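Colleague: Dropping in coords32.txt, which is compact mmCIF, C-alpha atoms and all ligand atoms:
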```txt
# COMPACT_ATOMS: atom_id res chain seq x y z
CA MET A 1 215.71 -54.93 307.93
CA SER A 2 218.77 -57.12 308.59
CA SER A 3 220.28 -59.30 305.88
CA ALA A 4 219.38 -62.94 305.31
CA SER A 5 222.42 -63.88 307.42
CA GLY A 6 220.99 -61.82 310.31
CA ALA A 7 224.05 -59.56 310.24
CA PHE A 8 223.41 -55.87 310.84
CA GLY A 9 226.10 -53.31 311.68
CA LEU A 10 226.50 -49.87 313.18
CA TYR A 11 229.28 -47.43 312.32
CA LEU A 12 229.91 -44.61 314.79
CA HIS A 13 232.19 -41.80 313.64
CA VAL A 14 234.25 -39.74 316.10
CA PRO A 15 235.48 -36.68 314.14
CA PHE A 16 238.18 -35.30 316.44
CA CYS A 17 241.96 -35.56 316.21
CA ARG A 18 244.81 -33.99 318.10
CA HIS A 19 246.74 -33.39 314.93
CA ARG A 20 245.99 -33.94 311.24
CA CYS A 21 248.33 -36.39 309.51
CA ASP A 22 249.64 -35.19 306.14
CA TYR A 23 248.03 -37.99 304.14
CA CYS A 24 244.60 -38.12 305.77
CA ALA A 25 241.39 -36.95 304.11
CA PHE A 26 238.96 -38.43 306.63
CA ALA A 27 236.26 -36.20 308.15
CA THR A 28 238.08 -35.09 311.26
CA TRP A 29 238.89 -31.76 312.95
CA THR A 30 241.63 -30.69 315.34
CA ASP A 31 239.92 -27.59 316.74
CA ARG A 32 236.45 -28.79 317.71
CA SER A 33 236.86 -31.09 320.70
CA ASP A 34 234.85 -28.54 322.71
CA LEU A 35 231.91 -30.03 320.81
CA ALA A 36 232.65 -33.59 321.96
CA ASP A 37 230.06 -33.81 324.78
CA ARG A 38 227.23 -32.42 322.66
CA TYR A 39 228.35 -34.56 319.76
CA LEU A 40 228.29 -37.82 321.72
CA ALA A 41 224.94 -36.90 323.28
CA ALA A 42 223.61 -36.39 319.74
CA CYS A 43 224.96 -39.79 318.66
CA ARG A 44 223.24 -41.39 321.65
CA ARG A 45 219.99 -39.66 320.80
CA GLN A 46 220.24 -40.77 317.17
CA ILE A 47 220.63 -44.39 318.27
CA ILE A 48 217.75 -44.20 320.76
CA GLU A 49 215.49 -42.77 318.05
CA ALA A 50 216.58 -45.43 315.56
CA VAL A 51 215.80 -48.12 318.14
CA ALA A 52 212.34 -46.62 318.72
CA GLN A 53 211.75 -46.92 314.97
CA GLY A 54 212.77 -50.60 314.98
CA LEU A 55 216.47 -51.32 314.69
CA PRO A 56 217.43 -54.99 314.24
CA PRO A 57 219.80 -56.55 316.80
CA VAL A 58 223.25 -55.23 315.98
CA THR A 59 225.84 -57.93 315.28
CA SER A 60 228.83 -55.59 314.81
CA VAL A 61 229.74 -52.06 315.87
CA PHE A 62 232.74 -50.16 314.59
CA VAL A 63 233.76 -46.95 316.36
CA GLY A 64 236.09 -45.17 313.94
CA GLY A 65 237.52 -41.78 313.32
CA GLY A 66 239.09 -39.47 313.72
CA THR A 67 240.37 -40.53 317.08
CA PRO A 68 237.78 -42.23 319.31
CA THR A 69 240.34 -42.48 322.14
CA LEU A 70 240.39 -38.69 322.37
CA VAL A 71 236.88 -38.47 323.85
CA ASP A 72 235.82 -39.27 327.41
CA PRO A 73 235.45 -43.08 327.50
CA ARG A 74 232.44 -42.87 329.83
CA ALA A 75 230.57 -40.71 327.34
CA LEU A 76 231.55 -43.00 324.47
CA LEU A 77 230.48 -46.11 326.41
CA ASP A 78 227.17 -44.39 327.21
CA VAL A 79 226.58 -44.11 323.48
CA LEU A 80 227.44 -47.78 322.99
CA ALA A 81 225.14 -48.77 325.85
CA ALA A 82 222.21 -47.49 323.78
CA VAL A 83 222.93 -50.00 321.00
CA PRO A 84 220.71 -53.13 321.03
CA LEU A 85 223.47 -55.70 320.64
CA ALA A 86 222.87 -59.25 319.41
CA ASP A 87 224.42 -62.04 321.50
CA GLY A 88 228.13 -62.36 320.74
CA ALA A 89 228.27 -59.03 318.88
CA GLU A 90 231.66 -57.69 317.79
CA VAL A 91 232.38 -54.17 319.10
CA SER A 92 235.60 -52.55 317.77
CA VAL A 93 237.16 -49.22 318.71
CA GLU A 94 239.95 -47.48 316.77
CA CYS A 95 242.71 -46.36 319.13
CA ASN A 96 245.64 -43.99 318.95
CA PRO A 97 248.74 -45.60 320.58
CA ASP A 98 249.39 -42.43 322.61
CA ASP A 99 246.02 -42.70 324.35
CA LEU A 100 245.67 -46.41 325.02
CA ASP A 101 246.84 -47.33 328.49
CA ARG A 102 245.66 -50.00 330.96
CA PRO A 103 242.81 -47.99 332.54
CA LEU A 104 241.38 -47.02 329.13
CA ALA A 105 241.62 -50.55 327.70
CA GLN A 106 240.01 -51.94 330.86
CA ALA A 107 237.22 -49.34 330.73
CA TYR A 108 236.50 -50.35 327.14
CA ALA A 109 236.50 -54.06 328.01
CA ASP A 110 234.18 -53.45 330.98
CA GLY A 111 231.91 -51.39 328.75
CA GLY A 112 231.40 -54.20 326.24
CA VAL A 113 234.10 -53.49 323.67
CA THR A 114 235.43 -56.79 322.26
CA ARG A 115 238.22 -55.71 319.94
CA LEU A 116 240.64 -52.80 319.49
CA SER A 117 242.26 -51.48 316.33
CA ILE A 118 245.51 -49.65 316.99
CA GLY A 119 246.90 -47.11 314.49
CA VAL A 120 250.53 -48.18 314.49
CA GLN A 121 251.34 -47.30 310.83
CA SER A 122 255.11 -47.87 311.14
CA MET A 123 257.52 -49.07 313.81
CA VAL A 124 260.34 -46.92 312.38
CA PRO A 125 260.51 -43.39 313.85
CA GLU A 126 261.86 -41.77 310.64
CA VAL A 127 259.00 -43.26 308.62
CA LEU A 128 256.44 -42.01 311.14
CA ALA A 129 257.98 -38.55 310.84
CA THR A 130 257.75 -38.66 307.03
CA LEU A 131 254.09 -39.61 307.34
CA GLY A 132 253.50 -36.62 309.60
CA ARG A 133 252.43 -38.89 312.46
CA GLU A 134 252.97 -37.55 315.93
CA HIS A 135 252.49 -40.60 318.14
CA ASP A 136 255.42 -41.79 320.20
CA PRO A 137 256.56 -45.21 318.85
CA ALA A 138 257.40 -46.25 322.43
CA ASN A 139 253.70 -46.00 323.26
CA VAL A 140 252.81 -48.71 320.75
CA ARG A 141 254.14 -51.40 323.08
CA ARG A 142 252.34 -49.87 326.06
CA ALA A 143 249.10 -49.78 324.04
CA THR A 144 249.27 -53.39 322.89
CA GLU A 145 250.22 -54.56 326.37
CA ALA A 146 247.20 -52.66 327.75
CA ALA A 147 244.91 -54.38 325.23
CA ARG A 148 246.33 -57.77 326.17
CA HIS A 149 245.99 -57.04 329.89
CA ALA A 150 242.31 -56.18 329.37
CA GLY A 151 241.85 -59.42 327.41
CA LEU A 152 241.02 -57.62 324.18
CA PRO A 153 242.26 -59.00 320.84
CA PHE A 154 243.64 -56.22 318.71
CA ASN A 155 244.35 -55.24 315.15
CA VAL A 156 247.32 -53.13 314.12
CA ASP A 157 246.94 -50.77 311.16
CA LEU A 158 250.12 -50.46 309.10
CA LEU A 159 250.80 -48.08 306.22
CA TYR A 160 253.40 -48.71 303.50
CA GLY A 161 254.80 -46.44 300.81
CA ALA A 162 255.92 -43.36 302.78
CA ALA A 163 258.44 -41.27 300.86
CA GLY A 164 261.88 -42.82 301.13
CA GLU A 165 260.67 -45.87 303.08
CA THR A 166 263.09 -48.70 302.26
CA LEU A 167 262.22 -52.38 302.07
CA ASP A 168 264.43 -52.87 305.12
CA GLN A 169 262.37 -50.35 307.09
CA TRP A 170 259.13 -52.02 306.01
CA SER A 171 260.61 -55.37 307.00
CA THR A 172 261.42 -53.92 310.46
CA THR A 173 257.84 -52.68 310.80
CA LEU A 174 256.35 -56.05 309.80
CA ASP A 175 258.59 -58.02 312.17
CA ALA A 176 258.03 -55.63 315.07
CA ALA A 177 254.27 -55.58 314.44
CA ILE A 178 254.10 -59.39 314.44
CA GLU A 179 256.14 -59.41 317.63
CA LEU A 180 253.39 -57.33 319.29
CA GLY A 181 251.08 -60.35 318.96
CA PRO A 182 248.07 -58.85 317.17
CA ALA A 183 245.11 -61.07 316.27
CA HIS A 184 244.65 -59.10 313.05
CA VAL A 185 246.81 -56.93 310.79
CA SER A 186 245.61 -54.35 308.25
CA ALA A 187 248.37 -53.14 305.90
CA TYR A 188 247.30 -50.27 303.67
CA ALA A 189 249.10 -48.86 300.67
CA LEU A 190 249.53 -45.14 301.29
CA THR A 191 247.21 -43.38 298.84
CA VAL A 192 247.35 -39.76 297.78
CA GLU A 193 244.05 -38.14 298.73
CA ALA A 194 243.02 -34.87 297.07
CA GLY A 195 243.32 -31.77 299.23
CA THR A 196 245.89 -33.21 301.67
CA PRO A 197 249.40 -31.80 302.28
CA LEU A 198 250.68 -35.05 300.76
CA ALA A 199 248.78 -34.37 297.52
CA ALA A 200 250.41 -30.94 297.32
CA ASP A 201 253.89 -32.44 297.54
CA PRO A 202 254.56 -34.72 294.52
CA GLY A 203 258.09 -35.40 295.78
CA ARG A 204 256.56 -37.48 298.58
CA HIS A 205 254.11 -39.47 296.46
CA PRO A 206 254.45 -43.24 296.77
CA ASP A 207 256.18 -45.24 294.09
CA ASP A 208 254.05 -48.06 292.58
CA ASP A 209 256.92 -50.53 292.19
CA THR A 210 258.14 -50.05 295.76
CA GLN A 211 254.60 -50.48 297.07
CA ALA A 212 254.22 -53.68 295.01
CA ASP A 213 257.41 -55.06 296.59
CA GLU A 214 256.20 -54.00 300.03
CA TYR A 215 252.85 -55.71 299.49
CA GLN A 216 254.60 -58.90 298.42
CA MET A 217 256.77 -58.75 301.54
CA ALA A 218 253.69 -58.27 303.75
CA THR A 219 252.00 -61.24 302.09
CA ASP A 220 254.99 -63.51 302.65
CA ARG A 221 255.86 -62.34 306.15
CA LEU A 222 252.33 -62.29 307.56
CA GLY A 223 251.48 -65.60 305.90
CA SER A 224 254.46 -67.36 307.47
CA ALA A 225 253.65 -65.84 310.87
CA GLY A 226 250.21 -67.53 310.82
CA TYR A 227 248.03 -64.66 309.59
CA ASP A 228 245.67 -65.71 306.82
CA TRP A 229 245.02 -63.21 304.08
CA TYR A 230 241.27 -62.59 303.73
CA GLU A 231 240.89 -59.25 301.93
CA ILE A 232 243.32 -57.14 299.88
CA SER A 233 244.65 -55.25 302.92
CA ASN A 234 243.67 -57.60 305.75
CA TRP A 235 245.17 -60.64 307.47
CA ALA A 236 243.94 -62.43 310.59
CA ARG A 237 244.62 -65.34 312.84
CA PRO A 238 241.90 -67.96 312.26
CA GLY A 239 238.61 -66.79 313.79
CA HIS A 240 239.76 -63.18 314.17
CA GLU A 241 238.55 -61.78 310.85
CA CYS A 242 236.72 -58.47 311.39
CA ARG A 243 233.00 -59.22 311.03
CA HIS A 244 232.11 -55.57 310.60
CA ASN A 245 234.37 -55.18 307.58
CA ALA A 246 233.02 -58.45 306.16
CA LEU A 247 229.60 -56.82 306.28
CA TYR A 248 230.82 -53.94 304.08
CA TRP A 249 232.42 -56.32 301.60
CA SER A 250 229.35 -58.52 301.33
CA GLY A 251 226.92 -55.66 300.67
CA GLY A 252 225.43 -56.00 304.18
CA GLU A 253 223.38 -53.37 305.98
CA TYR A 254 224.44 -50.95 308.71
CA LEU A 255 223.33 -47.79 310.44
CA ALA A 256 225.46 -44.63 310.13
CA VAL A 257 225.82 -42.73 313.41
CA GLY A 258 227.61 -39.38 313.61
CA CYS A 259 228.78 -36.86 311.08
CA ALA A 260 230.12 -37.95 307.69
CA ALA A 261 229.14 -41.55 308.44
CA HIS A 262 227.78 -43.65 305.57
CA GLY A 263 225.03 -46.22 305.99
CA HIS A 264 223.16 -48.85 304.00
CA ARG A 265 219.59 -49.83 304.89
CA ASP A 266 216.69 -51.35 303.01
CA GLY A 267 218.76 -51.27 299.82
CA ARG A 268 219.45 -47.56 300.16
CA ARG A 269 222.87 -45.97 300.67
CA TYR A 270 222.95 -42.70 302.58
CA TRP A 271 225.34 -40.39 304.36
CA ASN A 272 225.06 -37.92 307.22
CA HIS A 273 225.99 -34.21 307.34
CA ARG A 274 229.73 -33.88 306.99
CA THR A 275 230.53 -31.47 309.82
CA PRO A 276 229.96 -32.17 313.51
CA GLU A 277 228.17 -28.79 313.89
CA ARG A 278 225.56 -29.58 311.24
CA TYR A 279 225.09 -33.09 312.56
CA VAL A 280 224.57 -31.88 316.14
CA THR A 281 222.21 -29.10 314.99
CA ALA A 282 220.10 -31.59 313.01
CA ILE A 283 219.79 -34.06 315.88
CA GLU A 284 219.17 -31.39 318.53
CA GLY A 285 216.52 -29.85 316.28
CA GLY A 286 214.76 -33.21 315.90
CA THR A 287 215.51 -33.51 312.18
CA SER A 288 217.22 -36.24 310.18
CA PRO A 289 221.04 -36.20 310.19
CA GLU A 290 221.09 -37.43 306.59
CA SER A 291 222.41 -35.14 303.90
CA GLY A 292 222.18 -37.42 300.87
CA ALA A 293 221.23 -40.86 299.60
CA GLU A 294 221.32 -43.00 296.51
CA GLU A 295 219.50 -46.10 295.43
CA LEU A 296 221.36 -48.52 293.22
CA GLY A 297 219.48 -50.39 290.51
CA PRO A 298 219.70 -54.21 290.46
CA ASP A 299 222.45 -54.21 287.85
CA GLU A 300 224.61 -51.61 289.63
CA ARG A 301 224.09 -53.53 292.84
CA ARG A 302 225.23 -56.79 291.23
CA VAL A 303 228.37 -55.20 289.73
CA GLU A 304 229.23 -53.47 292.99
CA GLY A 305 228.79 -56.80 294.79
CA LEU A 306 231.25 -58.48 292.41
CA GLN A 307 233.77 -55.66 292.74
CA LEU A 308 233.75 -55.88 296.53
CA ALA A 309 233.72 -59.68 296.69
CA ILE A 310 236.64 -60.18 294.29
CA ARG A 311 238.85 -58.38 296.83
CA THR A 312 238.16 -61.09 299.42
CA ARG A 313 239.56 -64.58 299.96
CA ALA A 314 236.21 -66.14 298.96
CA GLY A 315 236.17 -64.25 295.66
CA VAL A 316 233.01 -64.46 293.52
CA ALA A 317 230.81 -67.36 292.41
CA GLY A 318 232.26 -69.07 289.34
CA ASP A 319 229.14 -68.55 287.24
CA GLN A 320 229.32 -64.77 287.73
CA VAL A 321 232.42 -64.45 285.54
CA SER A 322 232.62 -65.67 281.94
CA ASP A 323 235.50 -67.83 280.69
CA ALA A 324 236.38 -65.00 278.30
CA VAL A 325 236.95 -62.57 281.21
CA VAL A 326 238.90 -65.18 283.19
CA ASP A 327 241.12 -65.76 280.11
CA GLU A 328 241.56 -62.05 279.58
CA LEU A 329 242.65 -61.65 283.23
CA ASP A 330 245.08 -64.55 282.91
CA GLY A 331 247.50 -64.61 285.84
CA LEU A 332 245.42 -62.14 287.84
CA VAL A 333 242.42 -64.36 288.65
CA GLU A 334 241.93 -68.12 288.74
CA ARG A 335 239.07 -70.59 289.11
CA SER A 336 239.24 -72.44 292.42
CA GLY A 337 236.60 -74.65 294.05
CA GLY A 338 233.76 -73.22 291.97
CA ARG A 339 234.83 -69.64 292.70
CA VAL A 340 236.87 -67.02 290.87
CA VAL A 341 239.57 -65.59 293.13
CA LEU A 342 242.50 -63.20 292.78
CA THR A 343 246.00 -64.64 292.41
CA THR A 344 248.76 -62.96 294.46
CA ALA A 345 249.70 -60.98 291.33
CA GLY A 346 246.03 -60.06 290.91
CA ARG A 347 245.86 -58.67 294.43
CA LEU A 348 248.31 -55.97 293.39
CA LEU A 349 246.01 -54.98 290.55
CA ALA A 350 242.69 -55.55 292.28
CA ASN A 351 241.19 -52.25 291.13
CA GLU A 352 241.98 -53.03 287.50
CA VAL A 353 240.55 -56.54 287.89
CA ALA A 354 237.42 -55.23 289.60
CA ILE A 355 236.51 -52.87 286.75
CA ARG A 356 236.59 -55.80 284.30
CA LEU A 357 233.86 -57.62 286.25
CA GLU A 358 230.41 -56.76 284.96
C1 LIG B 1 241.28 -42.81 309.39
S1 LIG B 1 242.32 -43.62 310.51
C2 LIG B 1 241.44 -43.56 312.00
C3 LIG B 1 242.20 -44.17 313.15
C4 LIG B 1 243.28 -43.36 313.82
N1 LIG B 1 243.01 -41.99 313.81
C5 LIG B 1 244.60 -43.63 313.17
O1 LIG B 1 245.05 -42.80 312.40
O2 LIG B 1 245.17 -44.66 313.47
C6 LIG B 1 242.18 -45.32 310.05
C7 LIG B 1 243.30 -45.82 309.17
O3 LIG B 1 243.18 -45.29 307.88
C8 LIG B 1 244.42 -45.42 307.25
N2 LIG B 1 244.58 -44.28 306.33
C9 LIG B 1 244.24 -42.99 306.51
N3 LIG B 1 244.58 -42.25 305.43
C10 LIG B 1 245.13 -43.09 304.53
C11 LIG B 1 245.71 -42.93 303.22
N4 LIG B 1 245.79 -41.75 302.62
N5 LIG B 1 246.20 -44.03 302.59
C12 LIG B 1 246.12 -45.24 303.19
N6 LIG B 1 245.62 -45.45 304.42
C13 LIG B 1 245.13 -44.39 305.09
C14 LIG B 1 245.49 -45.43 308.35
O4 LIG B 1 246.25 -46.60 308.30
C15 LIG B 1 244.68 -45.40 309.61
O5 LIG B 1 245.17 -46.29 310.57
S1 LIG B 2 245.14 -40.71 310.12
FE1 LIG B 2 243.99 -40.92 312.02
S2 LIG B 2 245.09 -39.58 313.51
FE2 LIG B 2 245.76 -38.98 311.47
S3 LIG B 2 244.37 -37.27 310.94
FE3 LIG B 2 243.51 -39.15 310.04
S4 LIG B 2 242.06 -39.85 311.54
FE4 LIG B 2 243.41 -38.37 312.60
```
Would you give me this structure, written as structure tokens?
Ligand SMILES: C[S@@+](CC[C@H](N)C(=O)[O-])C[C@H]1O[C@@H](n2cnc3c(N)ncnc32)[C@H](O)[C@@H]1O
Ligand code: SF4

Modeller:
Amino acid sequence: MSSASGAFGLYLHVPFCRHRCDYCAFATWTDRSDLADRYLAACRRQIIEAVAQGLPPVTSVFVGGGTPTLVDPRALLDVLAAVPLADGAEVSVECNPDDLDRPLAQAYADGGVTRLSIGVQSMVPEVLATLGREHDPANVRRATEAARHAGLPFNVDLLYGAAGETLDQWSTTLDAAIELGPAHVSAYALTVEAGTPLAADPGRHPDDDTQADEYQMATDRLGSAGYDWYEISNWARPGHECRHNALYWSGGEYLAVGCAAHGHRDGRRYWNHRTPERYVTAIEGGTSPESGAEELGPDERRVEGLQLAIRTRAGVAGDQVSDAVVDELDGLVERSGGRVVLTTAGRLLANEVAIRLE
């Protein structure tokens, strides 16, 4: 069932990377691309079976990873061709700058992709090296030019808080990223994820105060360049907000395709087998790819809704938060136009604010 707004999404996970970045805990493998053809065929089959069981028209697709640009674009577009898209649907693909050239961007555009998200992270070579990123910074310009040539608006993903990153270096990254002309910018605070090489190296852990200064700089710089802030880590030119992400933040529903993908349907949250092998085996054997699910009660659902919504520009309805809580969070949230929204200071402490909303 789609939501009252008619929005219904599809997340497709591509779990292959050329190299694992030191900070990354996503479900991705560097030694299994021999599985790619079978994997994509399984994704296609999963979608075809979901359609046969009655999938609503899909208003947004997000192909994420891993590195979607590592797999054969024809095979990936074949998977997308099986999706029953609603008119005007948004179809985004995450791209590695090393892979995105004119032919690939054009193939995506011809195959119905409407938006690219490019993993830039930093425009400063030393910072990229500290992050353990291997893409060639020179390819970022080629990638964004290819997107533009194919007529595809693009997002750039930026990451701040690498060990030793100075405010000057972050300023260089912001200015150079704006110069690339993206329609959308995501700037993420580097987080230490358990089990990663970064977690095992406390000397490289980000410093909270530096990250707070970097966030403030991103807010000022992106704001004055015409990008409106609309969620903690996201800024867009008017009309270029990512509809698929908005679906996540508003408790909307979406189908999970591929290994380790999470979905939300008919009020139920579920996730697929974590490894590509298990996922492929399940689909090829005609069984469900799901490995777990949970159903939230009405109260948990309401609290989760508040915690997601407070992170967005629209905030939460004014009557959902008592005056006592607003007073307690003085300086971090404010009442505005019948809503409760984060202040700029509150955006830095969004997690702390969110846990106070019940
Ligand atoms: C999982 S990656 C997939 C796309 C592509 N492989 C890439 O790296 O650009 C999506 C985004 O997640 C962000 N990310 C991954 N690990 C992170 C971490 N530990 N802290 C903050 N952001 C992270 C990066 O900015 C990255 O662009
Ligand atoms: S950050 Fe992106 S490229 Fe790096 S390992 Fe994670 S998914 Fe792969």

Colleague: How would you write as a PDB file with C-alpha atoms, keeping the file's coordinate frame the residues that get within 12 Å of (249.1, -67.6, 305.9) in the file's frame, counting all atoms listed in the file?

Modeller:
```pdb
ATOM      1  CA  HIS A 184     244.650 -59.100 313.050  1.00  0.00           C
ATOM      2  CA  VAL A 185     246.810 -56.930 310.790  1.00  0.00           C
ATOM      3  CA  ALA A 218     253.690 -58.270 303.750  1.00  0.00           C
ATOM      4  CA  THR A 219     252.000 -61.240 302.090  1.00  0.00           C
ATOM      5  CA  ASP A 220     254.990 -63.510 302.650  1.00  0.00           C
ATOM      6  CA  ARG A 221     255.860 -62.340 306.150  1.00  0.00           C
ATOM      7  CA  LEU A 222     252.330 -62.290 307.560  1.00  0.00           C
ATOM      8  CA  GLY A 223     251.480 -65.600 305.900  1.00  0.00           C
ATOM      9  CA  SER A 224     254.460 -67.360 307.470  1.00  0.00           C
ATOM     10  CA  ALA A 225     253.650 -65.840 310.870  1.00  0.00           C
ATOM     11  CA  GLY A 226     250.210 -67.530 310.820  1.00  0.00           C
ATOM     12  CA  TYR A 227     248.030 -64.660 309.590  1.00  0.00           C
ATOM     13  CA  ASP A 228     245.670 -65.710 306.820  1.00  0.00           C
ATOM     14  CA  TRP A 229     245.020 -63.210 304.080  1.00  0.00           C
ATOM     15  CA  TYR A 230     241.270 -62.590 303.730  1.00  0.00           C
ATOM     16  CA  ASN A 234     243.670 -57.600 305.750  1.00  0.00           C
ATOM     17  CA  TRP A 235     245.170 -60.640 307.470  1.00  0.00           C
ATOM     18  CA  ALA A 236     243.940 -62.430 310.590  1.00  0.00           C
ATOM     19  CA  ARG A 237     244.620 -65.340 312.840  1.00  0.00           C
ATOM     20  CA  PRO A 238     241.900 -67.960 312.260  1.00  0.00           C
ATOM     21  CA  ARG A 313     239.560 -64.580 299.960  1.00  0.00           C
TER      22      ARG A 313
END
```

Colleague: Nearest to ligand LIG 1 (chain B): which of A:Leu77, A:Gln121, A:Ala50, A:Val58 is it, counting only C-alpha atoms and all ligand atoms?

Modeller: A:Gln121

Colleague: For ligand LIG 1 (chain B), collect every residue having any atom at a distance of at most 10 Å from a ligand atom (counting all atoms listed in the file); output as a PyMOL selection string.

Modeller: chain A and resi 13-28+63-70+93-97+117-122+131+133+135+156-162+186-194+196+198-199+233

Colleague: What's around A:Gln169 at 7 Å? Count only C-alpha atoms, leave out sequence neighbours fewer than 4 positions away in its own chain, and write the answer as a list of chain:residue names.

Modeller: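 Final neighbour list, sorted by chain and number: A:Val124, A:Glu165, A:Thr173.
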
Colleague: Set up a box along x, y and z of the file covering all listed atoms of stretch 191-201 of chain A, add 5 Å on every one of the six sides, and write the centre and edge lengths in Å to one decimal, as JSON.

Modeller:
```
{"center_x": 248.5, "center_y": -37.2, "center_z": 299.7, "size_x": 20.9, "size_y": 22.4, "size_z": 15.2}
```

Colleague: Measure the distance from atom CA of A:Thr144 to atom CA of A:Leu116 in Å and round it to one decimal.

Modeller: 9.3 Å

Colleague: Once all heavy atoms are restored for stretch 272-278 of chain A, what would the output be as a short mmCIF file (atom, residue, chain, number, x, y, z; two decimals), in the coordinates of the input?

Modeller:
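Below is the file that was written, part.cif:
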```cif
data_model
loop_
_atom_site.label_atom_id
_atom_site.label_comp_id
_atom_site.auth_asym_id
_atom_site.auth_seq_id
_atom_site.Cartn_x
_atom_site.Cartn_y
_atom_site.Cartn_z
N ASN A 272 225.48 -38.99 306.30
CA ASN A 272 225.06 -37.92 307.22
C ASN A 272 225.80 -36.62 306.92
O ASN A 272 226.82 -36.63 306.21
CB ASN A 272 225.34 -38.34 308.67
CG ASN A 272 224.43 -39.49 309.11
OD1 ASN A 272 223.43 -39.78 308.45
ND2 ASN A 272 224.79 -40.13 310.21
N HIS A 273 225.30 -35.51 307.47
CA HIS A 273 225.99 -34.21 307.34
C HIS A 273 227.47 -34.38 307.63
O HIS A 273 227.84 -35.09 308.57
CB HIS A 273 225.40 -33.20 308.33
CG HIS A 273 224.00 -32.82 308.00
ND1 HIS A 273 223.64 -32.23 306.81
CD2 HIS A 273 222.85 -32.95 308.72
CE1 HIS A 273 222.34 -32.01 306.80
NE2 HIS A 273 221.84 -32.45 307.94
N ARG A 274 228.29 -33.66 306.86
CA ARG A 274 229.73 -33.88 306.99
C ARG A 274 230.34 -33.26 308.26
O ARG A 274 231.21 -33.85 308.89
CB ARG A 274 230.45 -33.33 305.75
CG ARG A 274 231.94 -33.56 305.81
CD ARG A 274 232.64 -33.33 304.49
NE ARG A 274 234.08 -33.23 304.70
CZ ARG A 274 234.91 -34.25 304.75
NH1 ARG A 274 234.46 -35.48 304.59
NH2 ARG A 274 236.20 -34.07 304.95
N THR A 275 229.86 -32.10 308.68
CA THR A 275 230.53 -31.47 309.82
C THR A 275 229.82 -31.84 311.13
O THR A 275 228.61 -32.04 311.16
CB THR A 275 230.54 -29.92 309.70
OG1 THR A 275 229.20 -29.46 309.84
CG2 THR A 275 231.10 -29.47 308.37
N PRO A 276 230.59 -31.86 312.23
CA PRO A 276 229.96 -32.17 313.51
C PRO A 276 228.91 -31.13 313.88
O PRO A 276 227.87 -31.48 314.46
CB PRO A 276 231.13 -32.18 314.51
CG PRO A 276 232.32 -31.64 313.81
CD PRO A 276 232.07 -31.72 312.34
N GLU A 277 229.15 -29.84 313.54
CA GLU A 277 228.17 -28.79 313.89
C GLU A 277 226.81 -29.08 313.24
O GLU A 277 225.78 -29.05 313.88
CB GLU A 277 228.63 -27.41 313.40
CG GLU A 277 229.77 -26.82 314.17
CD GLU A 277 231.12 -27.28 313.64
OE1 GLU A 277 231.17 -28.25 312.85
OE2 GLU A 277 232.14 -26.68 314.03
N ARG A 278 226.84 -29.36 311.93
CA ARG A 278 225.56 -29.58 311.24
C ARG A 278 224.86 -30.83 311.75
O ARG A 278 223.64 -30.87 311.86
CB ARG A 278 225.78 -29.70 309.73
CG ARG A 278 225.78 -28.35 309.09
CD ARG A 278 225.56 -28.49 307.60
NE ARG A 278 226.51 -27.62 306.96
CZ ARG A 278 227.08 -27.83 305.80
NH1 ARG A 278 226.78 -28.90 305.11
NH2 ARG A 278 227.93 -26.98 305.32
#
```
